[in-house]
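Undergrad: Here you go, one structure.
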Amino acid sequence: MRDLEPDIIKSSGEKVKFSFSKLRRSLLKSGANESIVSSIIDEIRDELYQGISTKELYNRAFALLKDHKGAYASRYRLKKAIYELGPSGFPFEKFVAEILNFAGYEVELNRVLQGECVTHEVDIIAKKGGTGHLIECKFHSEEGRNCDVKIPLYINSRFNDIHSFEKEENQGWLVTNTRFTLDALTYGECVGLKLLSWDYPEEESLKLLIDNSGAYPITTSTLLSDSEKQFLLEKGIILGRNLLEKSYLLDHQGISENRKKRILSELSILCDISVNDGE
């Protein structure tokens with residue numbers, strides 16, 4: 001019998017058909033094996049109804065994964081964890097810089113460059129193989145908001161002003177934690193602006209870069225409280241790997257030795273195992 005595929009409601013309010021194959025792929029990307037994934041899908045199948053929200057589906061899948069292994073649930077909640085880096089957007093800039101570090105770039109944050117007309121503060125300047133890259137980060141703290149064409153139009157005009165003064169064509173980038181609209185993608189390709197989003201480009205998306213490097217944000221932890229995550233972010237701890245190197249910061253929050261061991265174990269498993277498949 002063919003699986004029922006009801007209509008589901010996305011965070012943007014859009015109504016789409018539910019896809020079992022898409023759910024299976026996202027669960028497998030967490031590192032869970034086929035047996036675990038199949039059992040979770042069987043449970044969710046029994047709970048589906050017309051008009052269920054993607055948030056409700058996500059929360060249920062997350063809870064079921066967490067029952068099996070915390071690290072699976074941590075990877076599964078990666079997109080939500082990036083939203084939790086806000087609201088200022090600066091932790092996201094540092095997060096992107098960390099990912100680029102793992103990819104072999106030399107990075108510098110928040111440098112002011114002179115343009116032909118005005119000065120510009122650039123989020124990240126990265127260098128690799130003798131090539132320079134000017135990178136702007138656009139962070140959205142609300143789910144369902146996409147990056148429309150106005151953003152790359154504005155960013156590209158700033159880069160053009162810098163290039164006019166420096167007479168050096170550094171590669172321009174725009175990085176977002178959400179998705180680009182079709183017009184934004186079309187414009188970026190037309191003017192040579194490198195666009196990087198949650199799922200674009202397909203073979204080098206933000207999601208894949210994180211999975212391949214193991215550079216997971218501290219907010220992926222399922223064991224840290226919201227206040228503890230905020231404390232660590234304020235201390236400059238952006239990645240799980242950062243906390244593994246400075247685990248003494250957990251003592252500042254009065255965390256017991258037993259709980260501390262569980263938190264570090266979760267992060268160690270999460271950061272050491274990368275999952276390369278996925279959409």
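Going by the structure tokens order, chains are called A, B, ..., each with residues numbered from 1, while ligands are numbered from 1 in the order shown.
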Pick out the residues sitting within 9 Å of Ser12 of chain A, and hand them over as a count of residues only; count only C-alpha atoms, and ignore anything fewer than 5 positions along from it in its own chain.

TA: 3

Undergrad: Segment 64-244 of chain A: which residues are alpha helix (DSSP H) by DSSP, as a VMD selection string?

TA: chain A and resid 64 to 68 70 to 76 78 to 83 90 to 102 150 to 166 182 to 191 206 to 213 226 to 234 240 to 244

Undergrad: Give me every strand (DSSP E) residue in segment 71-162 of chain A, going by DSSP on the backbone, as an MDAnalysis selection string.

TA: chainID A and resid 106:114 119:128 131:138

Undergrad: Mind pulling up the distance from atom CA of Ser74 of chain A to atom CA of Ser221 of chain A?

TA: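 Computing the Euclidean distance for atom CA of Ser221 of chain A and atom CA of Ser74 of chain A yields 5.8 Å.
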
Undergrad: For each of A:Phe180, A:Tyr72, A:Phe95, A:Tyr154, take the minimum atom-to-atom distance to Leu209 of chain A, counting only C-alpha atoms, then give the residue where this is smallest.

TA: A:Phe95

Undergrad: Taking only C-alpha atoms into account, which of A:Ala71, A:Ile135, A:Glu34, A:Ile8 comes nearest Tyr49 of chain A?

TA: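 Distance minimum relative to Tyr49 of chain A lands on A:Ile8.
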